[in-house]
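Here is the structure we will look at, set down as structure tokens.
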Amino acid sequence: MNSPSAFPASTSILPLEFYRVSFEAGGKRLIKDLSCIFAAGPSTVILGPNGAGKSLLLRLCHGLLKPSAGQIIWHGAEGRDPSVHQAMVFQRPVMLRRSVAANVDYALALRGVPRRQRRDLVAESLKETGLARLARHPARVLSFGEQQRLALARAWALMPQVLFLDEPTANLDPAATHTVEHVIAAIHAAGTQVIMTTHDLAQARRLADEILFLHRGRLLEKGPADAFFAGPRNDLARAFLRGELLWRRPRDGNSDQETQNA
Amino acid sequence: MTDFGSALGAALSLVVRLDPDLAEIVLLSLRVSVGAVLLATLIGMPLGAAVALFRFPGRTVIVVMLNALMGLPPVVVGLIVYLLLSRAGPLGVFGLLFTPAAMIIAQVVLVTPIIAALTRQVVEDLWTEYEEQLRSLGAGPGRALTALLWDGRFTLMTAVLAGFGRASAEVGAVMIVGGNIDHVTRVMTTAIALEVSKGDLALALGLGIILIVLSTGVNGAAFALKEAAQRRHAG
Ligand SMILES: Nc1ncnc2c1ncn2[C@@H]1O[C@H](COP(=O)(O)OP(=O)(O)O)[C@@H](O)[C@H]1O
Ligand SMILES: [Mg+2]
């Protein structure tokens with residue numbers, strides 16, 4: 001009933017608008033008065049140092065967190081439930097204690113896709129991500145790179161209109177990074193709007209059409225990737241491009257988070 | 001020493017030729033404990049999972065009660081169930097005292113808290129790990145719960161085995177509510193207690209051997225389940 005294919009791709013739930021959105025937790029404002037519009041088309045990369053609020057921003061987009069102030073509006077939803085047209089891949093892939101194929105199948109089952117169609121969709125998404133020969137393996141014994149690809153396969157099988165990716169290659173070696181970026185490019189080419197975070201400049205150059213630069217919970221710059229890399233208007237963004245802003249100063253607290261994201 | 005030697009010989013022969021008296025006692029024990037564990041699983045698992053996942057009115061009361069029951073010695077549980085089932089008690093009209101049903105009830109009270117507590121732990125840990133992913137995939141509370149129970153199945157089975165271990169080994173509760181009546185409510189533990197005091201060491205030892213085998217088997221199964229979970233799911 002909630003099958004993603006129930007609506008033609010042309011009726012996108014995008015654009016997504018953030019209107020003066022703030023998010024607070026533990027008495028701290030972590031996202032500060034953020035306004036912007038995510039439109040259909042360009043592949044969007046949210047860039048910023050560790051602790052900037054990139055993961056929080058994605059969670060707000062995806063509806064996993066509710067803003068403390070402001071509004072988040074899916075303008076194209078038109079009464080539909082936008083959540084069934086989105087998927088998210090987390091920084092640490094969450095693998096169910098089942099086989100590789102069953103991980104994808106479960107996601108499809110939750111969206112109400114009938115069993116007959118699930119088989120083909122599972123096989124196809126595993127093939128596209130190069131996991132077909134591992135289909136029957138338990139998901140949790142895969143290597144980290146394979147788990148990340150399975151997380152992508154699971155999200156892709158849902159054929160979401162919008163796919164959120166949180167630092168999809170943060171802990172991968174160059175070869176695995178290359179494979180995952182390849183899959184991401186294929187997903188984008190197949191018509192899914194990709195919105196991802198990274199603190200890896202080279203990756204942003206490779207994948208981004210549009211850059212959002214985030215620093216300490218504020219959106220400091222947003223624009224086409226070419227222009228951003230040619231010369232950002234914002235001082236902090238320039239410093240970040242020179243590699244001077246990768247770490248937040250200790251007085252900002254929460255060094256745990258930084259080592260974890262390193 | 002010869003006493004013990006001959007008793008052991010007689011015990012082994014009882015076990016090997018499946019002495020009807022001994023077999024009857026063993027079968028009743030299994031019926032009572034397996035029945036109690038099944039019922040305790042039906043009550044304890046949903047209870048433990050609900051306590052892990054939801055905040056609802058009465059939740060604190062349930063948690064406190066389960067913790068209190070878990071610490072109670074079997075004789076006290078037996079006493080409480082005895083008072084409830086005795087003719088003058090609130091459930092006296094059913095005439096269940098000194099029947100296998102009474103023993104099952106007492107063991108359900110003993111085992112449910114164990115299964116509920118272990119289930120709660122398993123479900124809570126899995127939920128911490130899965131919550132965002134399951135919410136992202138659009139799983140409502142019901143679907144999330146079944147996914148957690150299914151993915152925790154190996155650990156949950158060890159919880160059931162732990163419950164069976166406690167049920168089949170306890171003597172206090174079944175003694176009080178069952179009364180150790182020959183051919184009616186005599187189970188392994190109560191028979192051992194009684195036959196020793198009567199001096200029939202052979203039967204007591206024979207039942208003891210079976211209990212040891214049973215508990216070794218249960219422990220072995222629990223170990224194998226843990227291994228399987230490790231191997232297949234890396235924990
Ligand atoms: N639930 C929370 N409670 C308190 N602080 C949080 C919470 N989640 C994130 N933070 C803090 O918010 C800041 C931004 O976090 P995050 O979005 O994870 O950064 P990024 O993904 O850009 O590295 C960090 O300083 C982090 O410690
Ligand atoms: Mg992050």
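Residues in the structure tokens are numbered from 1 in each chain, the chains being A, B, ... in the order shown, and ligands are numbered from 1 in the order shown.
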| said: I need the residues of segment 25-134 of chain B that end up classed as helix (DSSP H, G or I) by DSSP on the backbone, written out as number ranges by chain. | reply: B: 25-53, 59-71, 74-85, 92-94, 100-134
| task | May I have the residues of chain A within 8 Å of chain B, counting only C-alpha atoms, written as a list in words? | result | His62, Leu64, Ser83, Val84, Ala87, Met88, Phe90, Val94, Leu96, Arg97, Arg98, Ala107, Leu110, Arg111, Pro138, Ala139, Arg140 and Val141 of chain A
Just N, CA and C atoms for this one: save the residues we selected as an mmCIF file, in the first residue's frame.
```
data_model
loop_
_atom_site.group_PDB
_atom_site.id
_atom_site.type_symbol
_atom_site.label_atom_id
_atom_site.label_comp_id
_atom_site.auth_asym_id
_atom_site.auth_seq_id
_atom_site.Cartn_x
_atom_site.Cartn_y
_atom_site.Cartn_z
ATOM 1 N N HIS A 62 15.421 13.997 7.998
ATOM 2 C CA HIS A 62 14.789 12.689 7.865
ATOM 3 C C HIS A 62 13.640 12.498 8.856
ATOM 4 N N LEU A 64 13.931 12.094 12.144
ATOM 5 C CA LEU A 64 14.272 11.311 13.334
ATOM 6 C C LEU A 64 14.367 12.219 14.553
ATOM 7 N N SER A 83 7.729 10.420 4.788
ATOM 8 C CA SER A 83 8.753 9.514 5.325
ATOM 9 C C SER A 83 8.901 8.236 4.490
ATOM 10 N N VAL A 84 7.837 7.809 3.801
ATOM 11 C CA VAL A 84 7.958 6.570 3.029
ATOM 12 C C VAL A 84 8.686 6.789 1.700
ATOM 13 N N ALA A 87 14.996 7.483 2.593
ATOM 14 C CA ALA A 87 15.762 6.457 3.287
ATOM 15 C C ALA A 87 17.027 7.119 3.803
ATOM 16 N N MET A 88 17.636 6.464 4.799
ATOM 17 C CA MET A 88 18.867 7.042 5.349
ATOM 18 C C MET A 88 19.875 5.938 5.618
ATOM 19 N N PHE A 90 23.203 5.342 7.870
ATOM 20 C CA PHE A 90 23.852 5.959 9.021
ATOM 21 C C PHE A 90 25.365 5.789 8.950
ATOM 22 N N VAL A 94 23.777 -0.120 10.569
ATOM 23 C CA VAL A 94 23.070 -0.972 11.516
ATOM 24 C C VAL A 94 22.640 -2.235 10.785
ATOM 25 N N LEU A 96 20.902 -5.867 10.816
ATOM 26 C CA LEU A 96 20.041 -6.773 11.577
ATOM 27 C C LEU A 96 20.713 -8.138 11.660
ATOM 28 N N ARG A 97 20.381 -8.895 12.705
ATOM 29 C CA ARG A 97 20.993 -10.216 12.896
ATOM 30 C C ARG A 97 20.310 -11.233 11.984
ATOM 31 N N ARG A 98 20.510 -11.028 10.720
ATOM 32 C CA ARG A 98 19.921 -11.876 9.693
ATOM 33 C C ARG A 98 20.891 -11.940 8.516
ATOM 34 N N ALA A 107 13.424 -4.498 4.985
ATOM 35 C CA ALA A 107 13.112 -3.098 4.696
ATOM 36 C C ALA A 107 11.954 -2.996 3.695
ATOM 37 N N LEU A 110 8.628 -3.898 5.330
ATOM 38 C CA LEU A 110 8.080 -2.807 6.143
ATOM 39 C C LEU A 110 7.354 -1.785 5.271
ATOM 40 N N ARG A 111 7.786 -1.638 4.025
ATOM 41 C CA ARG A 111 7.114 -0.694 3.132
ATOM 42 C C ARG A 111 5.908 -1.318 2.440
ATOM 43 N N PRO A 138 25.480 -14.203 6.991
ATOM 44 C CA PRO A 138 24.980 -13.341 8.063
ATOM 45 C C PRO A 138 25.562 -11.941 7.900
ATOM 46 N N ALA A 139 24.687 -10.921 7.982
ATOM 47 C CA ALA A 139 25.130 -9.560 7.677
ATOM 48 C C ALA A 139 26.217 -9.069 8.623
ATOM 49 N N ARG A 140 26.158 -9.498 9.878
ATOM 50 C CA ARG A 140 27.062 -8.899 10.867
ATOM 51 C C ARG A 140 28.490 -9.426 10.807
ATOM 52 N N VAL A 141 28.728 -10.464 9.993
ATOM 53 C CA VAL A 141 30.121 -10.906 9.868
ATOM 54 C C VAL A 141 30.794 -10.318 8.624
#
```
| message | If we count only C-alpha atoms and set the cut-off at 9 Å, which residues sit around Leu172 of chain A, ignoring sequence neighbours fewer than 3 positions away in its own chain? Please answer as an NGL selection string. | response | :A and (144-145 or 148 or 168-169 or 175-177)
| task | Write out as a PyMOL selection string each polymer residue (protein, DNA or RNA) that has an atom no more than 6 Å from ligand 1, with only C-alpha atoms and all ligand atoms counted. | result | chain A and resi 25-26+30+50-56+254+257
Restricting it to C-alpha atoms, dump the selection as an mmCIF file, in the first residue's frame.
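Saved as selection.cif:
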```cif
data_model
loop_
_atom_site.group_PDB
_atom_site.id
_atom_site.type_symbol
_atom_site.label_atom_id
_atom_site.label_comp_id
_atom_site.auth_asym_id
_atom_site.auth_seq_id
_atom_site.Cartn_x
_atom_site.Cartn_y
_atom_site.Cartn_z
ATOM 1 C CA ALA A 25 19.703 19.155 23.462
ATOM 2 C CA GLY A 26 21.253 19.022 26.885
ATOM 3 C CA LEU A 30 23.266 22.641 18.474
ATOM 4 C CA ASN A 50 33.613 17.280 13.119
ATOM 5 C CA GLY A 51 30.957 18.392 15.558
ATOM 6 C CA ALA A 52 29.552 21.008 13.183
ATOM 7 C CA GLY A 53 26.072 19.467 13.398
ATOM 8 C CA LYS A 54 26.020 17.605 10.079
ATOM 9 C CA SER A 55 24.559 14.412 11.531
ATOM 10 C CA LEU A 56 21.973 16.374 13.502
ATOM 11 C CA ASN A 254 32.484 16.750 23.981
ATOM 12 C CA GLN A 257 32.230 12.757 19.680
#
```
| request: Go through segment 35-198 of chain A and collect every residue that DSSP, computed from the backbone, puts in strand (DSSP E or B); the answer should be as a VMD selection string. | output: chain A and resid 35 to 38 44 to 47 69 to 74 86 to 89 99 138 162 to 166 193 to 198
Would you output that residue set with C-alpha atoms, as a PDB file, in the first residue's frame?
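Final output, saved to out_30.pdb:
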```
ATOM      1  CA  SER A  35      17.002  28.342   6.918  1.00  0.00           C
ATOM      2  CA  CYS A  36      17.512  26.777   3.511  1.00  0.00           C
ATOM      3  CA  ILE A  37      15.835  24.892   0.690  1.00  0.00           C
ATOM      4  CA  PHE A  38      16.825  21.495  -0.675  1.00  0.00           C
ATOM      5  CA  THR A  44      23.911  17.963  -2.181  1.00  0.00           C
ATOM      6  CA  VAL A  45      26.888  17.608   0.135  1.00  0.00           C
ATOM      7  CA  ILE A  46      26.835  19.013   3.654  1.00  0.00           C
ATOM      8  CA  LEU A  47      30.390  19.887   4.536  1.00  0.00           C
ATOM      9  CA  ALA A  69      12.009  25.859  16.974  1.00  0.00           C
ATOM     10  CA  GLY A  70      11.204  26.623  13.371  1.00  0.00           C
ATOM     11  CA  GLN A  71       9.602  24.514  10.686  1.00  0.00           C
ATOM     12  CA  ILE A  72      10.640  21.703   8.354  1.00  0.00           C
ATOM     13  CA  ILE A  73       8.349  21.446   5.360  1.00  0.00           C
ATOM     14  CA  TRP A  74       8.221  18.979   2.457  1.00  0.00           C
ATOM     15  CA  GLN A  86      13.000   8.714   2.080  1.00  0.00           C
ATOM     16  CA  ALA A  87      15.762   6.457   3.287  1.00  0.00           C
ATOM     17  CA  MET A  88      18.867   7.042   5.349  1.00  0.00           C
ATOM     18  CA  VAL A  89      22.232   5.333   5.667  1.00  0.00           C
ATOM     19  CA  SER A  99      21.344 -12.758   6.320  1.00  0.00           C
ATOM     20  CA  PRO A 138      24.980 -13.341   8.063  1.00  0.00           C
ATOM     21  CA  VAL A 162      15.445  11.253  -1.270  1.00  0.00           C
ATOM     22  CA  LEU A 163      18.387   9.368   0.226  1.00  0.00           C
ATOM     23  CA  PHE A 164      20.306  10.754   3.223  1.00  0.00           C
ATOM     24  CA  LEU A 165      23.855   9.497   3.694  1.00  0.00           C
ATOM     25  CA  ASP A 166      25.793  10.311   6.855  1.00  0.00           C
ATOM     26  CA  GLN A 193      18.026  12.823  -4.724  1.00  0.00           C
ATOM     27  CA  VAL A 194      21.196  12.289  -2.680  1.00  0.00           C
ATOM     28  CA  ILE A 195      21.846  14.486   0.353  1.00  0.00           C
ATOM     29  CA  MET A 196      25.002  13.483   2.163  1.00  0.00           C
ATOM     30  CA  THR A 197      27.454  14.704   4.759  1.00  0.00           C
ATOM     31  CA  THR A 198      31.201  14.426   4.768  1.00  0.00           C
TER      32      THR A 198
END
```
| Arg133 of chain A environment, 12 Å, only C-alpha atoms, sequence neighbours closer than 4 positions dropped, as a PyMOL selection string | chain A and resi 99-101+123+126-129+137+146
Output of the above residues as a compact mmCIF listing (two decimals), in the first residue's frame, restricted to N, CA and C atoms:
```txt
# COMPACT_ATOMS: atom_id res chain seq x y z
N SER A 99 20.48 -12.67 7.49
CA SER A 99 21.34 -12.76 6.32
C SER A 99 21.36 -11.42 5.58
N VAL A 100 22.31 -11.29 4.68
CA VAL A 100 22.42 -10.09 3.85
C VAL A 100 21.10 -9.85 3.10
N ALA A 101 20.60 -10.90 2.45
CA ALA A 101 19.36 -10.75 1.69
C ALA A 101 18.18 -10.39 2.60
N ALA A 123 17.40 -9.19 -5.03
CA ALA A 123 18.48 -9.69 -5.88
C ALA A 123 19.11 -8.55 -6.67
N LEU A 126 21.26 -6.18 -4.50
CA LEU A 126 22.53 -6.81 -4.09
C LEU A 126 23.49 -6.88 -5.26
N LYS A 127 22.93 -7.11 -6.44
CA LYS A 127 23.79 -7.17 -7.62
C LYS A 127 24.41 -5.80 -7.88
N GLU A 128 23.60 -4.77 -7.81
CA GLU A 128 24.10 -3.41 -8.09
C GLU A 128 25.19 -2.99 -7.13
N THR A 129 25.17 -3.54 -5.92
CA THR A 129 26.16 -3.14 -4.92
C THR A 129 27.27 -4.18 -4.79
N HIS A 137 24.99 -14.86 3.46
CA HIS A 137 25.86 -14.72 4.64
C HIS A 137 25.15 -13.92 5.73
N GLU A 146 31.72 -3.81 3.33
CA GLU A 146 30.59 -4.58 2.80
C GLU A 146 29.30 -4.22 3.53
```
| said: Report as number ranges by chain all protein, DNA and RNA residues lying within 12 Å of Arg119 of chain A, evaluated on only C-alpha atoms, omitting residues in the same chain fewer than 2 positions from it. | reply: A: 101-102, 104-106, 108-109, 113-117, 121-126, 135, 157
Could you pull the residues within 8 Å of Leu69 of chain B, counting only C-alpha atoms, minus those fewer than 3 positions along the same chain, as a PDB file with all heavy atoms, in the first residue's frame?
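Saved as selection.pdb:
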```
ATOM      1  N   MET B  65       7.617  -5.388  41.189  1.00  0.00           N
ATOM      2  CA  MET B  65       7.092  -6.719  41.521  1.00  0.00           C
ATOM      3  C   MET B  65       7.977  -7.827  40.949  1.00  0.00           C
ATOM      4  O   MET B  65       8.253  -8.834  41.613  1.00  0.00           O
ATOM      5  CB  MET B  65       5.674  -6.878  40.968  1.00  0.00           C
ATOM      6  CG  MET B  65       4.609  -6.716  42.041  1.00  0.00           C
ATOM      7  SD  MET B  65       2.976  -7.051  41.377  1.00  0.00           S
ATOM      8  CE  MET B  65       3.166  -8.715  40.771  1.00  0.00           C
ATOM      9  N   LEU B  66       8.401  -7.642  39.696  1.00  0.00           N
ATOM     10  CA  LEU B  66       9.244  -8.667  39.074  1.00  0.00           C
ATOM     11  C   LEU B  66      10.562  -8.819  39.840  1.00  0.00           C
ATOM     12  O   LEU B  66      11.012  -9.938  40.107  1.00  0.00           O
ATOM     13  CB  LEU B  66       9.531  -8.311  37.616  1.00  0.00           C
ATOM     14  CG  LEU B  66       8.357  -8.483  36.651  1.00  0.00           C
ATOM     15  CD1 LEU B  66       8.730  -8.000  35.259  1.00  0.00           C
ATOM     16  CD2 LEU B  66       7.906  -9.938  36.591  1.00  0.00           C
ATOM     17  N   LEU B  72      12.706 -13.929  45.718  1.00  0.00           N
ATOM     18  CA  LEU B  72      12.036 -14.764  46.719  1.00  0.00           C
ATOM     19  C   LEU B  72      12.508 -16.217  46.666  1.00  0.00           C
ATOM     20  O   LEU B  72      12.647 -16.793  45.600  1.00  0.00           O
ATOM     21  CB  LEU B  72      10.522 -14.751  46.481  1.00  0.00           C
ATOM     22  CG  LEU B  72       9.747 -13.533  46.963  1.00  0.00           C
ATOM     23  CD1 LEU B  72       8.253 -13.788  46.804  1.00  0.00           C
ATOM     24  CD2 LEU B  72      10.077 -13.212  48.417  1.00  0.00           C
ATOM     25  N   VAL B 109       5.149 -18.628  38.741  1.00  0.00           N
ATOM     26  CA  VAL B 109       5.491 -17.464  39.556  1.00  0.00           C
ATOM     27  C   VAL B 109       7.004 -17.376  39.754  1.00  0.00           C
ATOM     28  O   VAL B 109       7.587 -16.289  39.752  1.00  0.00           O
ATOM     29  CB  VAL B 109       4.770 -17.533  40.923  1.00  0.00           C
ATOM     30  CG1 VAL B 109       5.203 -16.368  41.815  1.00  0.00           C
ATOM     31  CG2 VAL B 109       3.270 -17.528  40.728  1.00  0.00           C
ATOM     32  N   LEU B 110       7.650 -18.517  39.881  1.00  0.00           N
ATOM     33  CA  LEU B 110       9.106 -18.529  40.079  1.00  0.00           C
ATOM     34  C   LEU B 110       9.877 -18.141  38.818  1.00  0.00           C
ATOM     35  O   LEU B 110      10.901 -17.465  38.884  1.00  0.00           O
ATOM     36  CB  LEU B 110       9.564 -19.931  40.490  1.00  0.00           C
ATOM     37  CG  LEU B 110       9.437 -20.314  41.950  1.00  0.00           C
ATOM     38  CD1 LEU B 110       9.799 -21.786  42.133  1.00  0.00           C
ATOM     39  CD2 LEU B 110      10.369 -19.445  42.780  1.00  0.00           C
ATOM     40  N   PRO B 113       9.553 -14.051  36.418  1.00  0.00           N
ATOM     41  CA  PRO B 113      10.452 -12.900  36.621  1.00  0.00           C
ATOM     42  C   PRO B 113      11.818 -13.079  35.954  1.00  0.00           C
ATOM     43  O   PRO B 113      12.378 -12.102  35.434  1.00  0.00           O
ATOM     44  CB  PRO B 113      10.623 -12.833  38.141  1.00  0.00           C
ATOM     45  CG  PRO B 113       9.535 -13.643  38.710  1.00  0.00           C
ATOM     46  CD  PRO B 113       9.117 -14.636  37.680  1.00  0.00           C
TER      47      PRO B 113
END
```
| request: For Leu207 of chain A, list every protein, DNA or RNA residue within 10 Å, evaluated using only C-alpha atoms, and leave out those in the same chain fewer than 2 positions away; present the list as a list of chain:residue names. | output: A:Ser43, A:Thr44, A:Val45, A:Glu181, A:His182, A:Ile184, A:Ala185, A:His188, A:Val194, A:Met196, A:Ala202, A:Gln203, A:Ala204, A:Arg205, A:Asp209, A:Glu210, A:Ile211, A:Ala225
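Closest approach to ligand 2 from the set A:Val180, A:Leu58, A:Ala208, A:Ala151 is made by A:Leu58, with distances taken over only C-alpha atoms and all ligand atoms.
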